[in-house]
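K.L.:
Dropping in final-v1.pdb, with PDB, C-alpha atoms and all ligand atoms.
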ATOM      1  CA  MET B 283       0.617  20.957 -19.646
ATOM      2  CA  THR B 284      -0.560  19.877 -16.215
ATOM      3  CA  ALA B 285       1.634  17.506 -14.224
ATOM      4  CA  ASP B 286      -0.777  14.578 -14.605
ATOM      5  CA  ALA B 287      -0.744  14.915 -18.383
ATOM      6  CA  ARG B 288       3.058  14.757 -18.522
ATOM      7  CA  PRO B 289       4.006  12.075 -21.030
ATOM      8  CA  ARG B 290       5.275   8.820 -19.552
ATOM      9  CA  SER B 291       8.406   9.172 -21.656
ATOM     10  CA  THR B 292       9.537  12.396 -19.938
ATOM     11  CA  PRO B 293      13.196  11.718 -19.154
ATOM     12  CA  THR B 294      13.971  11.761 -15.432
ATOM     13  CA  ASP B 295      16.953  14.028 -16.011
ATOM     14  CA  ALA B 296      14.653  16.653 -17.576
ATOM     15  CA  ARG B 297      12.868  17.022 -14.223
ATOM     16  CA  SER B 298      13.992  19.422 -11.584
ATOM     17  CA  ALA B 299      14.616  18.205  -8.021
ATOM     18  CA  ALA B 300      11.878  20.613  -6.901
ATOM     19  CA  ASP B 301       9.195  19.198  -9.249
ATOM     20  CA  PRO B 302       6.175  17.555  -7.615
ATOM     21  CA  VAL B 303       6.178  13.752  -7.757
ATOM     22  CA  TRP B 304       3.281  11.288  -8.052
ATOM     23  CA  VAL B 305       3.240   8.686  -5.256
ATOM     24  CA  PHE B 306       1.110   5.579  -5.710
ATOM     25  CA  GLY B 307      -0.423   4.276  -2.460
ATOM     26  CA  TYR B 308      -1.828   0.753  -2.259
ATOM     27  CA  GLY B 309      -1.991   0.082   1.491
ATOM     28  CA  SER B 310      -2.332   2.474   4.406
ATOM     29  CA  LEU B 311      -1.382   5.319   2.087
ATOM     30  CA  ILE B 312      -4.851   4.972   0.538
ATOM     31  CA  TYR B 313      -6.764   5.629   3.727
ATOM     32  CA  LYS B 314      -4.373   7.284   6.197
ATOM     33  CA  VAL B 315      -3.438  10.561   4.576
ATOM     34  CA  ASP B 316      -1.310  12.375   7.159
ATOM     35  CA  PHE B 317       0.680  14.393   4.609
ATOM     36  CA  PRO B 318      -0.055  17.346   2.358
ATOM     37  CA  TYR B 319      -0.645  16.792  -1.345
ATOM     38  CA  LEU B 320      -1.368  18.945  -4.374
ATOM     39  CA  GLU B 321      -3.721  16.514  -6.063
ATOM     40  CA  ARG B 322      -5.150  13.060  -5.380
ATOM     41  CA  ARG B 323      -6.519  10.645  -7.992
ATOM     42  CA  PRO B 324      -7.567   6.976  -8.015
ATOM     43  CA  ALA B 325      -4.986   5.086 -10.060
ATOM     44  CA  GLN B 326      -3.718   1.623 -10.887
ATOM     45  CA  ILE B 327      -0.416  -0.052 -11.649
ATOM     46  CA  ARG B 328      -0.017  -3.057 -13.918
ATOM     47  CA  GLY B 329       2.079  -6.165 -13.346
ATOM     48  CA  TRP B 330       1.935  -5.909  -9.558
ATOM     49  CA  ALA B 331      -0.309  -7.656  -7.004
ATOM     50  CA  ARG B 332      -0.955  -6.485  -3.418
ATOM     51  CA  ARG B 333      -0.029  -9.085  -0.781
ATOM     52  CA  PHE B 334      -0.070  -9.184   3.037
ATOM     53  CA  TRP B 335       3.467 -10.545   3.007
ATOM     54  CA  GLN B 336       5.333  -7.736   4.760
ATOM     55  CA  GLY B 337       5.902  -7.745   8.522
ATOM     56  CA  SER B 338       5.273  -4.648  10.603
ATOM     57  CA  HIS B 339       7.532  -3.988  13.594
ATOM     58  CA  ASP B 340       6.681  -0.352  14.073
ATOM     59  CA  HIS B 341       3.013   0.248  13.172
ATOM     60  CA  ARG B 342       0.813  -2.856  13.466
ATOM     61  CA  GLY B 343       3.135  -5.096  15.455
ATOM     62  CA  THR B 344       6.423  -5.063  17.324
ATOM     63  CA  PRO B 345       9.863  -6.555  16.557
ATOM     64  CA  ASP B 346       9.010  -9.546  18.797
ATOM     65  CA  ALA B 347       5.476  -9.959  17.449
ATOM     66  CA  PRO B 348       5.312  -8.394  13.981
ATOM     67  CA  GLY B 349       1.976  -7.650  12.361
ATOM     68  CA  ARG B 350       1.224  -8.179   8.679
ATOM     69  CA  VAL B 351       0.863  -5.349   6.169
ATOM     70  CA  VAL B 352       0.898  -5.162   2.399
ATOM     71  CA  THR B 353       3.664  -5.092  -0.134
ATOM     72  CA  LEU B 354       3.692  -5.662  -3.886
ATOM     73  CA  VAL B 355       4.739  -8.742  -5.793
ATOM     74  CA  ARG B 356       5.385  -9.014  -9.498
ATOM     75  CA  GLU B 357       2.564 -10.897 -11.254
ATOM     76  CA  ALA B 358       2.015 -10.960 -14.991
ATOM     77  CA  GLY B 359      -1.412  -9.585 -15.913
ATOM     78  CA  ALA B 360      -2.173  -8.298 -12.399
ATOM     79  CA  VAL B 361      -3.569  -4.829 -11.792
ATOM     80  CA  CYS B 362      -3.232  -3.166  -8.388
ATOM     81  CA  VAL B 363      -5.734  -0.388  -7.686
ATOM     82  CA  GLY B 364      -4.849   2.407  -5.276
ATOM     83  CA  MET B 365      -4.636   6.149  -4.830
ATOM     84  CA  ALA B 366      -2.067   8.472  -6.382
ATOM     85  CA  TYR B 367      -0.956  11.693  -4.704
ATOM     86  CA  LEU B 368       1.006  14.508  -6.284
ATOM     87  CA  VAL B 369       3.391  15.713  -3.580
ATOM     88  CA  THR B 370       6.214  18.176  -3.297
ATOM     89  CA  PRO B 371       9.628  16.552  -2.664
ATOM     90  CA  ASP B 372       9.802  17.807   0.956
ATOM     91  CA  VAL B 373       6.923  15.436   1.825
ATOM     92  CA  PHE B 374       9.279  12.454   1.388
ATOM     93  CA  ALA B 375      11.000  13.174   4.712
ATOM     94  CA  HIS B 376       7.723  12.236   6.425
ATOM     95  CA  LEU B 377       6.769   9.409   4.054
ATOM     96  CA  ASP B 378      10.215   7.764   4.131
ATOM     97  CA  HIS B 379      10.081   7.790   7.939
ATOM     98  CA  ARG B 380       6.555   6.368   7.981
ATOM     99  CA  GLU B 381       7.523   3.592   5.521
ATOM    100  CA  LYS B 382      10.988   2.916   6.980
ATOM    101  CA  ASN B 383      10.305  -0.669   8.088
ATOM    102  CA  GLY B 384      11.555  -2.421   4.963
ATOM    103  CA  TYR B 385      10.076  -0.273   2.199
ATOM    104  CA  VAL B 386      12.094   1.509  -0.463
ATOM    105  CA  ARG B 387      10.881   3.958  -3.074
ATOM    106  CA  ILE B 388      10.962   2.586  -6.605
ATOM    107  CA  GLY B 389       9.851   4.097  -9.909
ATOM    108  CA  VAL B 390       6.509   3.008 -11.326
ATOM    109  CA  ASP B 391       4.125   3.958 -14.118
ATOM    110  CA  MET B 392       0.552   4.556 -12.982
ATOM    111  CA  GLU B 393      -2.654   4.962 -14.939
ATOM    112  CA  PHE B 394      -5.688   7.055 -14.128
ATOM    113  CA  GLY B 395      -9.334   6.345 -14.954
ATOM    114  CA  ASP B 396      -9.130   8.391 -18.161
ATOM    115  CA  ARG B 397      -6.281   6.069 -19.328
ATOM    116  CA  SER B 398      -3.650   8.814 -19.031
ATOM    117  CA  ALA B 399      -0.389   7.597 -17.499
ATOM    118  CA  VAL B 400       2.377   9.186 -15.458
ATOM    119  CA  GLY B 401       5.646   8.064 -13.957
ATOM    120  CA  GLY B 402       6.035   8.280 -10.191
ATOM    121  CA  VAL B 403       7.124   6.270  -7.191
ATOM    122  CA  VAL B 404       5.722   3.580  -4.931
ATOM    123  CA  TYR B 405       6.892   2.206  -1.572
ATOM    124  CA  PHE B 406       7.918  -1.405  -2.152
ATOM    125  CA  ALA B 407       9.064  -3.943   0.458
ATOM    126  CA  ALA B 408      11.210  -6.507  -1.344
ATOM    127  CA  GLU B 409      11.503 -10.161  -0.408
ATOM    128  CA  GLY B 410      14.274 -10.561   2.156
ATOM    129  CA  ASN B 411      14.015  -7.129   3.773
ATOM    130  CA  GLU B 412      14.437  -7.022   7.556
ATOM    131  CA  ALA B 413      10.685  -7.282   8.246
ATOM    132  CA  TYR B 414       9.650  -9.552   5.353
ATOM    133  CA  LEU B 415       7.383 -12.473   6.286
ATOM    134  CA  GLY B 416       6.424 -13.889   2.896
ATOM    135  CA  PRO B 417       3.455 -15.936   1.724
ATOM    136  CA  ALA B 418       1.084 -17.916   3.940
ATOM    137  CA  PRO B 419      -2.459 -19.257   3.458
ATOM    138  CA  GLU B 420      -5.027 -16.447   3.650
ATOM    139  CA  ALA B 421      -6.728 -17.976   6.721
ATOM    140  CA  ALA B 422      -3.353 -18.080   8.521
ATOM    141  CA  ILE B 423      -2.703 -14.462   7.542
ATOM    142  CA  ALA B 424      -6.117 -13.518   8.970
ATOM    143  CA  ARG B 425      -5.348 -15.309  12.274
ATOM    144  CA  HIS B 426      -1.986 -13.569  12.433
ATOM    145  CA  ILE B 427      -3.647 -10.176  11.837
ATOM    146  CA  ALA B 428      -6.360 -10.917  14.411
ATOM    147  CA  ARG B 429      -3.795 -11.323  17.209
ATOM    148  CA  SER B 430      -1.371  -8.523  16.245
ATOM    149  CA  LYS B 431      -1.189  -4.928  17.388
ATOM    150  CA  GLY B 432       1.416  -2.169  17.460
ATOM    151  CA  PRO B 433       1.943   1.539  18.092
ATOM    152  CA  SER B 434      -0.457   2.502  15.265
ATOM    153  CA  GLY B 435      -3.201   0.244  16.648
ATOM    154  CA  PRO B 436      -4.659  -3.212  16.050
ATOM    155  CA  ASN B 437      -3.552  -4.952  12.870
ATOM    156  CA  ARG B 438      -7.238  -5.792  12.126
ATOM    157  CA  ASP B 439      -7.963  -2.076  11.718
ATOM    158  CA  TYR B 440      -5.296  -1.828   8.981
ATOM    159  CA  LEU B 441      -6.952  -4.703   7.109
ATOM    160  CA  LEU B 442     -10.517  -3.440   7.556
ATOM    161  CA  HIS B 443      -9.676   0.167   6.654
ATOM    162  CA  LEU B 444      -7.894  -1.066   3.542
ATOM    163  CA  ALA B 445     -10.807  -3.309   2.530
ATOM    164  CA  ASP B 446     -13.260  -0.404   3.022
ATOM    165  CA  ALA B 447     -11.018   1.937   1.027
ATOM    166  CA  LEU B 448     -10.828  -0.579  -1.839
ATOM    167  CA  ARG B 449     -14.630  -0.938  -1.843
ATOM    168  CA  ALA B 450     -14.862   2.864  -2.049
ATOM    169  CA  LEU B 451     -12.565   2.667  -5.096
ATOM    170  CA  GLU B 452     -14.846  -0.070  -6.513
ATOM    171  CA  ASP B 453     -11.937  -2.482  -6.557
ATOM    172  CA  TYR B 454     -12.340  -6.178  -5.873
ATOM    173  CA  ASP B 455      -9.041  -7.493  -4.533
ATOM    174  CA  PRO B 456      -9.566 -11.237  -3.936
ATOM    175  CA  HIS B 457      -6.560 -11.549  -1.603
ATOM    176  CA  VAL B 458      -7.575  -8.669   0.681
ATOM    177  CA  PHE B 459     -11.256  -9.605   0.705
ATOM    178  CA  ALA B 460     -10.549 -13.287   1.421
ATOM    179  CA  ILE B 461      -8.431 -12.313   4.438
ATOM    180  CA  GLU B 462     -11.160  -9.903   5.570
ATOM    181  CA  ARG B 463     -13.790 -12.708   5.313
ATOM    182  CA  HIS B 464     -11.597 -15.062   7.394
ATOM    183  CA  LEU B 465     -10.995 -12.389  10.017
ATOM    184  CA  ARG B 466     -14.718 -11.636  10.345
ATOM    185  CA  GLU B 467     -15.417 -15.362  10.671
ATOM    186  CA  PHE B 468     -12.787 -15.787  13.417
ATOM    187  CA  GLU B 469     -14.174 -12.772  15.258
ATOM    188  CA  ARG B 470     -17.762 -14.157  15.048
ATOM    189  CA  GLU B 471     -16.494 -17.510  16.378
ATOM    190  CA  ALA B 472     -14.649 -15.790  19.235
ATOM    191  CA  VAL B 473     -17.833 -13.905  20.244
ATOM    192  CA  ALA B 474     -19.915 -17.079  20.029
ATOM    193  CA  ALA B 475     -17.441 -19.175  22.075
TER     194      ALA B 475
HETATM  195  C1  LIG B 501       1.339   1.960   0.753
HETATM  196  O1  LIG B 501       0.334   2.163   1.424
HETATM  197  O2  LIG B 501       1.414   2.366  -0.428
HETATM  198  C2  LIG B 501       2.538   1.271   1.322
HETATM  199  C3  LIG B 501       2.257   0.265   2.368
HETATM  200  C4  LIG B 501       1.608   0.810   3.613
HETATM  201  O3  LIG B 501       2.063   1.827   4.148
HETATM  202  O4  LIG B 501       0.633   0.214   4.080
END
Would you mind writing the structure in this file as structure tokens?
Ligand code: SIN
P.N.:
Amino acid sequence: MTADARPRSTPTDARSAADPVWVFGYGSLIYKVDFPYLERRPAQIRGWARRFWQGSHDHRGTPDAPGRVVTLVREAGAVCVGMAYLVTPDVFAHLDHREKNGYVRIGVDMEFGDRSAVGGVVYFAAEGNEAYLGPAPEAAIARHIARSKGPSGPNRDYLLHLADALRALEDYDPHVFAIERHLREFEREAVAA
């Protein structure tokens, strides 16, 4: 049986610590793949929505002027589309460092296009973590993103790369695309002014 066909009910304690693990990426992990993986597949998770509610002190902003990046929020009926990677456990040293600004790994079930499902992990930034910013109107989020930058570059690039990656996955995420539309509008206005 291949790893991706492993039944969802496989008990965690039946797995060895050296077994590869599926990681579901829904933000920069979709488009910035700076880690080795054994396999990569488009995937989705149910009951979660992607939101630009997490602050970024170390990638797209600074502690004094945080940027905005995505986290997940529980939402009945929601489906979050992303990319799943099968990685060996040693890869988590790099990923945990990259996602250290408020994200923790939690277990999640993910589904592939052929409807098969596997258990894995996702990086989740919970409400109240040290960098959490919370909800705001999408236009305000776009303005915030437009003015933010950090060691990994302008915050706008994070948003635009994510929107492009979602289009490539043929996903329509109304939250991400609304913020992208606002940002483009603000940038057109700034050029015209
Ligand atoms: C993810 O991409 O899955 C987590 C959030 C991020 O790094 O942008």
K.L.:
For chain B versus ligand LIG 501 (chain B), which residues have an atom no more than 10 Å away, and what is each residue's nearest atom pair and distance in Å rounded to one decimal, using all atoms listed in the file, chain-then-number order, as a Markdown table?
P.N.:
| residue | atom | partner | partner_atom | distance |
| --- | --- | --- | --- | --- |
| B:Val305 | CA | B:LIG501 | O2 | 8.2 |
| B:Phe306 | CA | B:LIG501 | O2 | 6.2 |
| B:Gly307 | CA | B:LIG501 | O2 | 3.3 |
| B:Tyr308 | CA | B:LIG501 | O2 | 4.1 |
| B:Gly309 | CA | B:LIG501 | O1 | 3.1 |
| B:Ser310 | CA | B:LIG501 | O4 | 3.7 |
| B:Leu311 | CA | B:LIG501 | O1 | 3.7 |
| B:Ile312 | CA | B:LIG501 | O1 | 6.0 |
| B:Tyr313 | CA | B:LIG501 | O1 | 8.2 |
| B:Lys314 | CA | B:LIG501 | O1 | 8.4 |
| B:Val315 | CA | B:LIG501 | O1 | 9.7 |
| B:Arg332 | CA | B:LIG501 | C3 | 9.5 |
| B:Phe334 | CA | B:LIG501 | O4 | 9.5 |
| B:Gln336 | CA | B:LIG501 | C3 | 8.9 |
| B:Ser338 | CA | B:LIG501 | O4 | 9.4 |
| B:His341 | CA | B:LIG501 | O3 | 9.2 |
| B:Arg342 | CA | B:LIG501 | O4 | 9.9 |
| B:Arg350 | CA | B:LIG501 | O4 | 9.6 |
| B:Val351 | CA | B:LIG501 | O4 | 5.9 |
| B:Val352 | CA | B:LIG501 | C3 | 5.6 |
| B:Thr353 | CA | B:LIG501 | C3 | 6.1 |
| B:Leu354 | CA | B:LIG501 | C3 | 8.7 |
| B:Gly364 | CA | B:LIG501 | O2 | 7.9 |
| B:Met365 | CA | B:LIG501 | O2 | 8.4 |
| B:Ala366 | CA | B:LIG501 | O2 | 9.2 |
| B:Leu377 | CA | B:LIG501 | O3 | 8.9 |
| B:Arg380 | CA | B:LIG501 | O3 | 7.4 |
| B:Glu381 | CA | B:LIG501 | O3 | 5.9 |
| B:Lys382 | CA | B:LIG501 | O3 | 9.4 |
| B:Asn383 | CA | B:LIG501 | O3 | 9.5 |
| B:Tyr385 | CA | B:LIG501 | C2 | 7.7 |
| B:Val386 | CA | B:LIG501 | C2 | 9.7 |
| B:Arg387 | CA | B:LIG501 | C2 | 9.8 |
| B:Val403 | CA | B:LIG501 | O2 | 9.7 |
| B:Val404 | CA | B:LIG501 | O2 | 6.3 |
| B:Tyr405 | CA | B:LIG501 | C2 | 5.3 |
| B:Phe406 | CA | B:LIG501 | C2 | 6.9 |
| B:Ala407 | CA | B:LIG501 | C3 | 8.2 |
| B:Tyr440 | CA | B:LIG501 | O4 | 8.0 |
| B:Leu441 | CA | B:LIG501 | O4 | 9.5 |
| B:Leu444 | CA | B:LIG501 | O4 | 8.6 |
K.L.:
With 6 Å on each side, where is the centre of the axis-aligned box around all listed atoms of region 317-326 of chain B, and how long are its edges in Å to one decimal, as AutoDock Vina command-line options?
P.N.:
--center_x -3.4 --center_y 10.3 --center_z -3.1 --size_x 20.2 --size_y 29.3 --size_z 27.5
K.L.:
List the residues selected by the PyMOL selection byres (((chain B and resi 397) around 12) and not hetatm) in the file shown, writing them as a list in words.
P.N.:
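Answer for the PyMOL selection byres (((chain B and resi 397) around 12) and not hetatm): Asp286, Ala287, Arg290, Pro324, Ala325, Gln326, Ile327, Asp391, Met392, Glu393, Phe394, Gly395, Asp396, Ser398, Ala399 and Val400 of chain B.
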K.L.:
Quick one: everything within 10 Å of region 415-428 of chain B, counting all atoms listed in the file, minus sequence neighbours fewer than 6 positions away in the same chain. Send it as a ChimeraX atom specification.
P.N.:
/B:333-338,342-343,347-351,353,408-409,436-441,457-469
K.L.:
Considering all atoms listed in the file, can you say which of B:Glu357, B:Asp316, B:Asp340, B:Glu321 comes closest to Ala413 (chain B)?
P.N.:
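That would be B:Asp340, the residue with the smallest distance to Ala413 (chain B).
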K.L.:
Report, in Å to a single decimal, how far apart CA of Ser298 (chain B) and CA of His376 (chain B) are.
P.N.:
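Distance reported for this atom pair: 20.4 Å.
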K.L.:
Quick one: distance from CA of Asp301 (chain B) to CA of Val369 (chain B) in Å, one decimal?
P.N.:
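These atoms are spaced 8.8 Å apart.
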K.L.:
May I ask for the distance between CA of Val361 (chain B) and CA of Pro456 (chain B), given in Å to one decimal place?
P.N.:
11.8 Å
K.L.:
When you count only C-alpha atoms, which of these residues is closest to Ala375 (chain B): B:Glu471, B:His339, B:Arg429, B:Phe317?
P.N.:
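Of the candidates, the smallest distance to Ala375 (chain B) is held by B:Phe317.
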K.L.:
Given all atoms listed in the file as the basis, pick out the residue of B:Asp446, B:Asp453, B:Glu412, B:Asp372 nearest to Pro345 (chain B).
P.N.:
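Closest candidate: B:Glu412.
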K.L.:
Applying the PyMOL selection byres (((chain B and resi 329) around 9) and not hetatm) to the file I just gave you, which residues come out? Please list them as a list of chain:residue names.
P.N.:
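Those residues are B:Ile327, B:Arg328, B:Trp330, B:Ala331, B:Val355, B:Arg356, B:Glu357, B:Ala358, B:Gly359, B:Ala360, B:Val361, B:Cys362.
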K.L.:
Counting all atoms listed in the file, figure out which residue out of B:Gly389, B:Ser430, B:Gly435, B:Leu320 gets nearest to Asp346 (chain B).
P.N.:
B:Ser430
K.L.:
Using all atoms listed in the file, can you tell me which of B:Gly384, B:Ala299, B:Leu451, B:Thr344 comes closest to Asn411 (chain B)?
P.N.:
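Looking at the shortest contact to Asn411 (chain B), the residue is B:Gly384.
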